[in-house]
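Coordinates as given in input-v5.txt (compact mmCIF, C-alpha atoms):
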# COMPACT_ATOMS: atom_id res chain seq x y z
CA MET A 1 47.49 -15.70 -57.82
CA PRO A 2 45.96 -17.66 -60.74
CA SER A 3 42.36 -18.81 -60.65
CA THR A 4 40.72 -21.77 -62.35
CA SER A 5 39.37 -19.42 -65.04
CA GLY A 6 42.88 -18.31 -66.00
CA CYS A 7 42.44 -14.67 -64.92
CA TRP A 8 43.96 -12.75 -62.05
CA VAL A 9 41.87 -11.94 -58.94
CA THR A 10 42.90 -8.79 -57.06
CA PRO A 11 42.12 -8.33 -53.32
CA GLU A 12 39.49 -5.69 -54.23
CA SER A 13 37.70 -7.96 -56.65
CA ARG A 14 37.88 -10.79 -54.14
CA VAL A 15 35.98 -8.65 -51.58
CA ARG A 16 33.31 -7.60 -54.05
CA ALA A 17 32.77 -11.00 -55.59
CA PRO A 18 29.37 -12.51 -54.67
CA LEU A 19 29.31 -15.53 -52.39
CA PRO A 20 28.29 -18.83 -53.93
CA SER A 21 24.61 -19.63 -53.38
CA SER A 22 25.45 -22.81 -51.45
CA LEU A 23 27.52 -20.79 -48.98
CA LEU A 24 24.68 -18.30 -48.52
CA VAL A 25 22.26 -21.12 -47.79
CA LEU A 26 24.67 -22.60 -45.25
CA LEU A 27 25.21 -19.22 -43.56
CA PHE A 28 21.47 -18.54 -43.37
CA THR A 29 20.87 -22.01 -41.91
CA LEU A 30 23.49 -21.46 -39.21
CA LEU A 31 22.06 -18.04 -38.30
CA SER A 32 18.56 -19.48 -38.09
CA LEU A 33 19.81 -22.33 -35.95
CA PHE A 34 21.59 -19.97 -33.55
CA ALA A 35 18.52 -17.72 -33.39
CA GLY A 36 16.31 -20.72 -32.65
CA ILE A 37 18.64 -21.86 -29.89
CA ALA A 38 18.69 -18.36 -28.36
CA SER A 39 14.90 -18.14 -28.55
CA ALA A 40 14.48 -21.60 -27.08
CA THR A 41 16.60 -20.68 -24.04
CA THR A 42 14.78 -17.40 -23.35
CA PRO A 43 12.19 -17.63 -20.58
CA ARG A 44 8.90 -15.79 -20.90
CA VAL A 45 8.22 -13.45 -17.98
CA GLY A 46 5.08 -11.66 -16.87
CA VAL A 47 3.62 -9.69 -13.96
CA VAL A 48 0.61 -11.36 -12.33
CA THR A 49 -1.96 -9.10 -10.64
CA MET A 50 -4.55 -10.48 -8.23
CA GLN A 51 -7.62 -8.37 -7.42
CA PRO A 52 -8.60 -7.53 -3.80
CA GLY A 53 -10.31 -10.15 -1.66
CA GLU A 54 -12.73 -9.98 1.26
CA ILE A 55 -10.42 -10.80 4.18
CA PHE A 56 -8.70 -7.77 5.71
CA PHE A 57 -5.19 -8.76 4.60
CA GLU A 58 -6.48 -9.30 1.04
CA ARG A 59 -7.98 -5.81 0.64
CA PHE A 60 -4.91 -4.39 -1.09
CA GLY A 61 -4.72 -7.05 -3.80
CA HIS A 62 -1.57 -8.95 -4.60
CA ASN A 63 0.93 -9.62 -7.38
CA ALA A 64 3.81 -11.88 -8.39
CA ILE A 65 6.18 -12.57 -11.29
CA VAL A 66 5.59 -15.63 -13.44
CA VAL A 67 8.48 -17.23 -15.36
CA VAL A 68 7.77 -19.81 -18.07
CA ASP A 69 10.64 -22.26 -18.63
CA PRO A 70 11.55 -22.36 -22.35
CA ASP A 71 12.41 -26.07 -22.32
CA SER A 72 9.67 -27.67 -20.23
CA GLY A 73 7.00 -24.99 -20.55
CA ALA A 74 6.49 -25.08 -16.76
CA ALA A 75 5.31 -21.78 -15.26
CA THR A 76 6.75 -20.75 -11.88
CA SER A 77 5.17 -18.07 -9.74
CA TYR A 78 7.59 -15.98 -7.69
CA ASN A 79 5.41 -14.68 -4.88
CA PHE A 80 6.79 -12.20 -2.32
CA GLY A 81 3.72 -12.32 -0.07
CA TYR A 82 4.28 -15.39 2.10
CA PHE A 83 4.35 -15.19 5.90
CA ASP A 84 3.98 -17.71 8.70
CA PRO A 85 1.41 -16.74 11.38
CA THR A 86 2.45 -19.76 13.46
CA GLU A 87 5.86 -18.29 14.24
CA PRO A 88 6.18 -17.94 18.02
CA ASP A 89 6.94 -14.20 17.78
CA PHE A 90 4.57 -13.37 14.91
CA ILE A 91 2.14 -11.25 16.98
CA GLY A 92 4.98 -9.34 18.64
CA ARG A 93 6.63 -8.65 15.31
CA PHE A 94 3.31 -7.49 13.86
CA VAL A 95 2.78 -5.06 16.74
CA ARG A 96 6.34 -3.69 16.49
CA ASN A 97 6.22 -3.48 12.68
CA ASP A 98 9.04 -6.00 12.35
CA MET A 99 7.28 -8.62 10.24
CA ARG A 100 9.17 -11.19 8.18
CA TYR A 101 7.86 -12.07 4.75
CA ARG A 102 9.53 -14.30 2.19
CA LEU A 103 9.68 -15.02 -1.50
CA ALA A 104 8.20 -18.38 -2.45
CA ALA A 105 8.67 -20.12 -5.81
CA LEU A 106 5.80 -22.47 -6.60
CA PRO A 107 3.97 -23.78 -9.68
CA PHE A 108 1.78 -21.09 -11.15
CA GLU A 109 -1.29 -23.30 -11.21
CA GLN A 110 -0.85 -24.07 -7.52
CA ASP A 111 -0.57 -20.37 -6.74
CA LEU A 112 -3.84 -19.75 -8.58
CA MET A 113 -5.86 -22.27 -6.55
CA GLN A 114 -6.55 -19.91 -3.65
CA TYR A 115 -7.67 -17.05 -5.90
CA ARG A 116 -9.91 -19.33 -7.95
CA GLU A 117 -11.66 -20.54 -4.79
CA GLU A 118 -12.09 -16.98 -3.47
CA GLY A 119 -13.42 -15.60 -6.75
CA ARG A 120 -10.61 -13.07 -7.12
CA GLY A 121 -9.64 -11.97 -10.61
CA VAL A 122 -6.14 -12.69 -11.91
CA SER A 123 -4.44 -11.28 -15.01
CA VAL A 124 -0.95 -11.53 -16.49
CA GLN A 125 0.98 -8.77 -18.26
CA TRP A 126 3.53 -10.50 -20.50
CA LEU A 127 6.65 -8.38 -20.78
CA ASP A 128 8.55 -7.46 -23.92
CA VAL A 129 12.14 -7.52 -22.66
CA THR A 130 15.38 -8.62 -24.29
CA PRO A 131 16.48 -12.27 -23.94
CA GLU A 132 19.33 -11.14 -21.71
CA GLN A 133 16.95 -9.22 -19.43
CA ALA A 134 14.54 -12.14 -19.25
CA ARG A 135 17.30 -14.57 -18.29
CA GLU A 136 18.74 -12.08 -15.78
CA LEU A 137 15.35 -11.66 -14.14
CA ALA A 138 14.70 -15.41 -14.02
CA ASP A 139 18.14 -16.12 -12.55
CA ALA A 140 17.82 -13.33 -9.96
CA LEU A 141 14.42 -14.59 -8.81
CA ALA A 142 15.65 -18.18 -8.54
CA GLU A 143 18.59 -17.00 -6.42
CA ASN A 144 16.35 -14.78 -4.29
CA ALA A 145 13.96 -17.69 -3.64
CA LYS A 146 16.66 -19.80 -1.97
CA PRO A 147 15.92 -20.28 1.76
CA GLU A 148 18.93 -18.26 2.83
CA ASN A 149 17.86 -15.28 0.65
CA ALA A 150 14.07 -15.46 0.72
CA TYR A 151 13.19 -13.50 3.87
CA TYR A 152 12.84 -9.73 4.05
CA ARG A 153 11.48 -7.13 6.51
CA TYR A 154 8.00 -6.26 5.36
CA GLN A 155 6.86 -2.62 5.34
CA TYR A 156 3.26 -1.79 4.34
CA PHE A 157 3.96 1.19 2.10
CA ASP A 158 7.68 0.96 1.34
CA ASP A 159 8.70 -2.69 1.02
CA ASN A 160 5.88 -5.13 0.29
CA CYS A 161 4.97 -7.77 -2.27
CA SER A 162 4.26 -5.17 -4.96
CA THR A 163 7.35 -2.99 -4.43
CA ARG A 164 9.50 -6.15 -4.58
CA VAL A 165 8.03 -6.97 -7.99
CA ARG A 166 8.54 -3.36 -9.09
CA ASP A 167 12.15 -3.27 -7.90
CA ALA A 168 13.02 -6.61 -9.55
CA LEU A 169 11.81 -5.26 -12.90
CA ASP A 170 13.60 -1.96 -12.38
CA ARG A 171 16.93 -3.69 -11.78
CA VAL A 172 16.89 -5.62 -15.06
CA LEU A 173 15.85 -2.42 -16.87
CA ASP A 174 18.85 -0.57 -15.37
CA GLY A 175 16.56 1.86 -13.56
CA GLY A 176 14.40 2.48 -16.63
CA LEU A 177 11.15 1.74 -14.85
CA ARG A 178 11.77 4.26 -12.08
CA ARG A 179 12.96 6.95 -14.49
CA GLN A 180 9.70 6.70 -16.43
CA ILE A 181 7.25 6.79 -13.52
CA GLU A 182 9.09 8.71 -10.77
CA GLY A 183 8.25 12.14 -12.20
CA ARG A 184 4.49 11.60 -12.56
CA SER A 185 1.82 11.65 -9.86
CA HIS A 186 -1.93 11.17 -9.61
CA GLY A 187 -2.05 13.14 -6.36
CA SER A 188 -2.64 10.04 -4.27
CA THR A 189 -1.07 9.45 -0.86
CA ALA A 190 -0.39 6.44 1.31
CA ARG A 191 -3.46 7.41 3.34
CA SER A 192 -5.78 7.91 0.37
CA GLU A 193 -4.87 4.53 -1.11
CA ALA A 194 -5.11 2.77 2.25
CA VAL A 195 -8.53 4.16 3.20
CA ARG A 196 -9.83 3.64 -0.34
CA LEU A 197 -8.99 -0.05 -0.42
CA ALA A 198 -9.99 -0.59 3.22
CA SER A 199 -13.36 1.18 2.84
CA PRO A 200 -15.46 -2.03 2.43
CA ALA A 201 -14.46 -2.91 6.03
CA TRP A 202 -15.52 0.08 8.16
CA TRP A 203 -13.32 -0.86 11.12
CA MET A 204 -10.26 -1.17 8.88
CA TRP A 205 -11.06 2.14 7.23
CA LEU A 206 -11.36 3.83 10.64
CA GLY A 207 -8.11 2.28 11.82
CA PHE A 208 -6.14 3.62 8.87
CA ASP A 209 -7.75 7.04 8.81
CA ILE A 210 -7.41 7.71 12.54
CA GLY A 211 -4.11 5.92 13.10
CA LEU A 212 -2.04 7.29 10.21
CA GLY A 213 -0.02 10.46 10.81
CA PRO A 214 1.25 13.24 8.54
CA SER A 215 3.89 11.05 6.87
CA SER A 216 1.08 9.23 5.08
CA ASP A 217 -0.22 12.46 3.50
CA ARG A 218 2.77 13.28 1.30
CA PRO A 219 1.80 13.15 -2.40
CA LEU A 220 3.19 9.98 -3.97
CA PRO A 221 4.73 9.70 -7.42
CA VAL A 222 3.52 6.80 -9.54
CA TRP A 223 6.65 4.96 -8.39
CA GLY A 224 5.55 5.31 -4.75
CA GLU A 225 1.88 4.51 -5.26
CA SER A 226 2.85 1.26 -6.96
CA TYR A 227 2.97 -0.29 -3.50
CA VAL A 228 -0.59 -1.12 -4.56
CA PRO A 229 -0.47 -4.01 -7.09
CA MET A 230 -3.27 -2.61 -9.25
CA ARG A 231 -1.47 0.74 -9.47
CA LEU A 232 1.72 -1.01 -10.59
CA ALA A 233 -0.21 -2.87 -13.30
CA ALA A 234 -1.66 0.44 -14.55
CA ALA A 235 1.79 2.05 -14.56
CA LEU A 236 3.32 -0.79 -16.60
CA ARG A 237 0.81 -0.13 -19.39
CA GLU A 238 2.52 3.23 -19.98
CA VAL A 239 6.15 2.11 -19.68
CA LYS A 240 8.52 1.52 -22.61
CA ASN A 241 11.16 -1.17 -22.75
CA SER A 242 14.86 -0.62 -23.48
CA GLU A 243 14.15 -0.44 -27.21
CA GLY A 244 11.31 2.05 -27.01
CA ARG A 245 8.39 -0.38 -27.40
CA PRO A 246 5.61 -0.85 -24.83
CA ILE A 247 6.95 -3.17 -22.18
CA VAL A 248 3.60 -4.97 -21.92
CA SER A 249 3.33 -7.00 -25.10
CA GLU A 250 0.12 -8.79 -24.12
CA GLU A 251 -2.37 -8.70 -21.25
CA GLN A 252 -4.13 -11.96 -20.51
CA LEU A 253 -7.09 -12.58 -18.21
CA VAL A 254 -6.47 -15.79 -16.27
CA LEU A 255 -9.35 -15.78 -13.76
CA PRO A 256 -12.49 -13.62 -13.81
CA HIS A 257 -13.24 -11.39 -10.82
CA ARG A 258 -16.46 -12.51 -9.10
CA LEU A 259 -16.32 -10.19 -6.08
CA PRO A 260 -17.35 -6.51 -5.82
CA PRO A 261 -15.02 -4.28 -7.84
CA GLU A 262 -12.08 -2.39 -6.38
CA PRO A 263 -13.27 0.79 -4.58
CA GLN A 264 -12.75 3.98 -6.56
CA ASP A 265 -10.86 7.01 -5.31
CA GLY A 266 -12.80 10.08 -4.22
CA PRO A 267 -12.27 13.22 -2.12
CA VAL A 268 -13.31 13.25 1.52
CA ARG A 269 -15.88 16.05 1.91
CA TRP A 270 -15.58 17.68 5.30
CA TRP A 271 -18.87 19.58 5.36
CA PRO A 272 -21.15 16.58 6.11
CA TRP A 273 -18.88 15.79 9.05
CA ALA A 274 -19.13 19.45 10.16
CA LEU A 275 -22.93 19.40 10.00
CA ALA A 276 -23.03 16.23 12.09
CA GLY A 277 -20.53 17.64 14.60
CA ILE A 278 -22.34 20.95 14.99
CA ALA A 279 -25.69 19.21 15.46
CA LEU A 280 -24.25 16.91 18.13
CA GLY A 281 -22.39 19.73 19.86
CA VAL A 282 -25.47 21.97 20.06
CA LEU A 283 -27.63 19.06 21.23
CA ILE A 284 -25.17 18.19 24.02
CA ALA A 285 -24.80 21.82 25.13
CA PHE A 286 -28.53 22.45 25.49
CA ALA A 287 -29.71 18.96 26.50
CA ASP A 288 -27.76 19.21 29.74
CA ARG A 289 -30.40 21.55 31.19
CA ARG A 290 -33.13 18.92 30.96
CA ALA A 291 -31.13 15.68 31.09
CA PRO A 292 -27.85 16.31 32.95
CA ARG A 293 -27.28 12.65 33.73
CA ALA A 294 -27.75 11.67 30.08
CA THR A 295 -25.18 14.32 29.14
CA ALA A 296 -22.80 12.91 31.73
CA ALA A 297 -23.30 9.41 30.30
CA VAL A 298 -22.53 10.67 26.78
CA GLY A 299 -19.43 12.45 28.05
CA LEU A 300 -18.25 9.40 29.97
CA ALA A 301 -18.55 7.16 26.90
CA PHE A 302 -16.92 9.79 24.66
CA TRP A 303 -13.93 10.39 26.93
CA LEU A 304 -13.46 6.67 27.48
CA LEU A 305 -13.28 6.16 23.71
CA CYS A 306 -10.92 9.12 23.29
CA GLY A 307 -8.65 7.73 25.99
CA VAL A 308 -8.47 4.29 24.38
CA LEU A 309 -7.74 5.62 20.89
CA GLY A 310 -5.28 8.20 22.21
CA ALA A 311 -3.39 5.56 24.20
CA VAL A 312 -3.12 3.38 21.08
CA MET A 313 -1.78 6.31 19.05
CA LEU A 314 0.78 7.12 21.74
CA PHE A 315 1.89 3.49 21.82
CA ILE A 316 2.26 3.47 18.01
CA TRP A 317 4.37 6.62 18.23
CA PHE A 318 6.68 5.73 21.10
CA GLY A 319 6.49 1.95 21.26
CA THR A 320 6.56 0.66 17.68
CA GLY A 321 8.29 1.09 14.33
CA HIS A 322 5.07 2.09 12.53
CA THR A 323 6.60 5.40 11.39
CA TYR A 324 3.56 6.37 9.34
CA GLY A 325 1.62 6.64 12.62
CA TRP A 326 4.09 8.92 14.40
CA THR A 327 3.35 12.59 15.31
CA ASN A 328 -0.35 11.97 14.74
CA ALA A 329 -2.34 15.23 15.06
CA ASN A 330 -5.46 13.21 15.90
CA LEU A 331 -4.02 12.96 19.42
CA LEU A 332 -5.38 16.48 19.96
CA LEU A 333 -8.88 15.21 19.19
CA PHE A 334 -8.73 11.70 20.65
CA THR A 335 -6.68 12.63 23.69
CA PRO A 336 -5.70 10.13 26.38
CA LEU A 337 -6.38 12.93 28.88
CA GLY A 338 -10.02 11.95 28.49
CA TRP A 339 -9.38 9.14 30.96
CA LEU A 340 -8.73 11.76 33.67
CA LEU A 341 -12.26 13.07 33.18
CA LEU A 342 -13.89 9.72 33.92
CA PRO A 343 -14.07 10.09 37.74
CA GLY A 344 -15.75 13.51 37.41
CA ALA A 345 -18.12 12.18 34.74
CA TRP A 346 -19.06 9.32 37.06
CA ARG A 347 -19.83 11.80 39.86
CA ALA A 348 -21.95 13.86 37.46
CA LEU A 349 -23.76 10.70 36.38
CA ARG A 350 -24.71 10.13 40.02
CA GLY A 351 -26.01 13.69 40.35
CA ARG A 352 -22.99 15.13 42.15
CA ASP A 353 -20.70 18.04 41.29
CA PRO A 354 -17.79 16.82 39.09
CA GLY A 355 -15.40 19.32 40.71
CA VAL A 356 -13.40 22.38 39.73
CA TRP A 357 -10.41 20.40 38.44
CA PHE A 358 -12.74 18.47 36.18
CA ARG A 359 -13.85 21.72 34.53
CA ARG A 360 -10.29 22.99 34.17
CA LEU A 361 -9.16 19.77 32.54
CA LEU A 362 -12.22 19.81 30.31
CA ALA A 363 -11.29 23.33 29.17
CA LEU A 364 -7.73 22.14 28.46
CA ILE A 365 -8.99 19.25 26.33
CA ALA A 366 -11.32 21.57 24.40
CA ALA A 367 -8.40 23.95 23.82
CA GLY A 368 -6.41 21.02 22.38
CA ALA A 369 -9.22 20.37 19.91
CA VAL A 370 -9.11 24.04 18.88
CA LEU A 371 -5.34 23.75 18.52
CA ALA A 372 -5.86 20.83 16.12
CA LEU A 373 -7.57 23.27 13.75
CA PHE A 374 -4.52 25.55 13.74
CA VAL A 375 -2.12 22.60 13.36
CA TYR A 376 -4.11 21.53 10.30
CA TRP A 377 -3.14 24.75 8.51
CA LEU A 378 0.56 24.57 9.42
CA PRO A 379 2.75 23.65 6.44
CA VAL A 380 5.30 21.85 8.62
CA LEU A 381 3.43 18.58 9.21
CA PRO A 382 0.29 18.73 7.09
CA GLN A 383 -2.21 16.01 7.91
CA ARG A 384 -5.48 15.42 6.09
CA ASN A 385 -7.78 15.18 9.09
CA ALA A 386 -10.13 18.13 8.41
CA HIS A 387 -13.16 15.85 8.55
CA TRP A 388 -12.26 14.59 12.02
CA ILE A 389 -11.71 18.16 13.24
CA ALA A 390 -15.05 19.20 11.75
CA LEU A 391 -16.80 16.36 13.59
CA LEU A 392 -15.07 16.36 16.97
CA LEU A 393 -14.29 20.02 17.66
CA PRO A 394 -18.00 20.96 18.05
CA ILE A 395 -18.53 17.94 20.32
CA HIS A 396 -15.64 18.98 22.59
CA LEU A 397 -16.98 22.54 22.72
CA GLY A 398 -20.52 21.30 23.37
CA LEU A 399 -19.38 19.23 26.35
CA LEU A 400 -17.39 22.18 27.67
CA GLN A 401 -20.43 24.44 27.45
CA ALA A 402 -22.70 21.84 29.07
CA PHE A 403 -20.55 21.39 32.16
CA ARG A 404 -19.70 25.09 32.49
CA THR A 405 -23.38 25.95 32.92
CA ARG A 406 -23.88 23.53 35.81
Would you give me this structure, written as structure tokens?
Amino acid sequence: MPSTSGCWVTPESRVRAPLPSSLLVLLFTLLSLFAGIASATTPRVGVVTMQPGEIFFERFGHNAIVVVDPDSGAATSYNFGYFDPTEPDFIGRFVRNDMRYRLAALPFEQDLMQYREEGRGVSVQWLDVTPEQARELADALAENAKPENAYYRYQYFDDNCSTRVRDALDRVLDGGLRRQIEGRSHGSTARSEAVRLASPAWWMWLGFDIGLGPSSDRPLPVWGESYVPMRLAAALREVKNSEGRPIVSEEQLVLPHRLPPEPQDGPVRWWPWALAGIALGVLIAFADRRAPRATAAVGLAFWLLCGVLGAVMLFIWFGTGHTYGWTNANLLLFTPLGWLLLPGAWRALRGRDPGVWFRRLLALIAAGAVLALFVYWLPVLPQRNAHWIALLLPIHLGLLQAFRTR
């Protein structure tokens, strides 16, 4: 075909011919416009981590996902930690381990008010994800926050506010988060994390350490230990996005932490417990000769306490869905059979003979405490309760020796 210059233009030369500069400018302008539109419609998403508080249900910290609207700039906090203690069956559900939590979507600044008043630190990890992933996450959270979708069955270690945040991120990454952190472990367990974070409240620490069974002593991968919000935040610092870059593009401190810092992890040394147990056991065994009624009073209080704690552990095992408290080997140390010793202890306290059946039952209870030591070494249901064995076994044996010599 003829051109305006009077020469022929072949198909090959037409492909190789440079585009006019005006066309290049127009093309570049259109591409920039489309890129600007795509960027303007991409929400910014981040993981918010709240440090532990002072109330017992705040000891584990908290987290949420914040989504910043690209058009209005409004920041919405998607918070999986809401529950209603005024529900008529709330206490019953709590006891049975059938609690209902829900996802709440609220303005980020409103969500921060409580933590600002309590002095709890808050930080945001802004995520480097693709525009498609950011929109998918924002849409999924908005759908999940609808009243008909918001409620879920809360589980302390397996399905809580932090694991919900973790799982939401993992879904938009097509399982990439789990693949990167499932194979690594710090050697922590559900028990070690629970007693560590509960340690500022001694009663809460005792409740977790005595009440948790062998299921809580399985080593957790980083994926599993991220039921703790601070552990999830630490894991995200080492995760890559779909394109191989660090998924955390920026970490921003929102509120300073004005409370004592998060307790650090440390091994439980059994030998101080053993020294205390041996000292108490020897004292009980030999003090009975000079102060038999005082020994009876100590035994009565000890067996009453064992009976109460043992009954609670049995109820957790057979009457609730708290599976991490099932098959608890501490039942051999805090046995409910201690209640059967109370009548004999009362007779001894009044200066009378507690009876032959009292001594037989006392020997059975002491044998159970010895059995706890053998159960500890069994690989079938390993439970980290060596410190409790070291403390209580000598006390059981000391009481047995004291009443045998009467």
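For the residues A:Phe80, A:Phe56, A:Trp357, A:Phe374, ranking by smallest atom-to-atom distance to Arg100 of chain A using all atoms listed in the file places A:Phe80 first.
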Can you pull out the residues contacting Val165 of chain A? Cut-off 8 Å, using all atoms listed in the file, and skip same-chain residues under 6 positions away; I want them as an MDAnalysis selection string. chainID A and resid 47 63:65 80
Go through A:Arg352, A:Ala390, A:Trp317, A:Leu253 and flag the residue nearest Arg120 of chain A, using all atoms listed in the file for the distances. A:Leu253
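Between atom CA of Gly351 of chain A and atom CA of Thr335 of chain A the interatomic distance comes to 25.5 Å.
Straight-line separation from atom CA of Arg347 of chain A to atom CA of Pro292 of chain A: 11.5 Å.
A straight line drawn from atom CA of Phe286 of chain A to atom CA of Ala345 of chain A is 17.3 Å long.
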Give me the residues near segment 147-164 of chain A as a ChimeraX atom specification, where near means some atom within 8 Å (using only C-alpha atoms) and where sequence neighbours in that chain fewer than 4 positions away do not count. /A:62-64,79-81,97-104,143,168,190,224,226-229,232
List the neighbours of Arg350 of chain A out to 10 Å using all atoms listed in the file; skip same-chain residues closer than 3 positions along the sequence, and give me the result as number ranges by chain. A: 292-293, 296-297, 344-347, 353-354
Mind checking which residues fall within 12 Å of Val282 of chain A, counting all atoms listed in the file, ignoring those fewer than 6 positions away in the same chain, and posting them as a PyMOL selection string? chain A and resi 275-276+288+295+393-402
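Among the candidates A:Gln252, A:Gln383, A:Gly266, A:Phe60, the residue lying nearest to Pro219 of chain A is A:Gln383 (atoms considered: all atoms listed in the file).
When all atoms listed in the file are used to measure the gap to Tyr324 of chain A, the shortest distance among A:Gly211, A:Gly187, A:Pro221, A:Pro256 belongs to A:Gly211.
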Each segment 224-286 of chain A residue no farther than 9 Å from segment 179-183 of chain A, nearest pair in Å, all atoms listed in the file, as CSV:
residue,atom,partner,partner_atom,distance
A:Gly224,CA,A:Glu182,CA,7.8
A:Ala235,CA,A:Ile181,CA,7.3
A:Glu238,CA,A:Gln180,CA,8.7
A:Val239,CA,A:Gln180,CA,6.7
A:Lys240,CA,A:Gln180,CA,8.1
Rank nothing, just name the residue among A:His257, A:Arg237, A:His186, A:His322 nearest to Gly53 of chain A, using all atoms listed in the file. A:His257
Near Val375 of chain A, counting all atoms listed in the file, which residues have an atom at most 12 Å away, once you skip same-chain residues fewer than 3 positions from it, shown as a list in words? Pro214, Thr327, Asn328, Ala329, Asn330, Leu331, Leu332, Leu333, Gly368, Ala369, Val370, Leu371, Ala372, Leu378, Pro379, Val380, Leu381, Pro382, Gln383, Arg384, Asn385, Ala386 and Ile389 of chain A
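The shortest atom-to-atom distance to Met313 of chain A, with all atoms listed in the file taken into account, belongs to A:Ile210 out of A:Val172, A:Val95, A:Ile210, A:Leu342.
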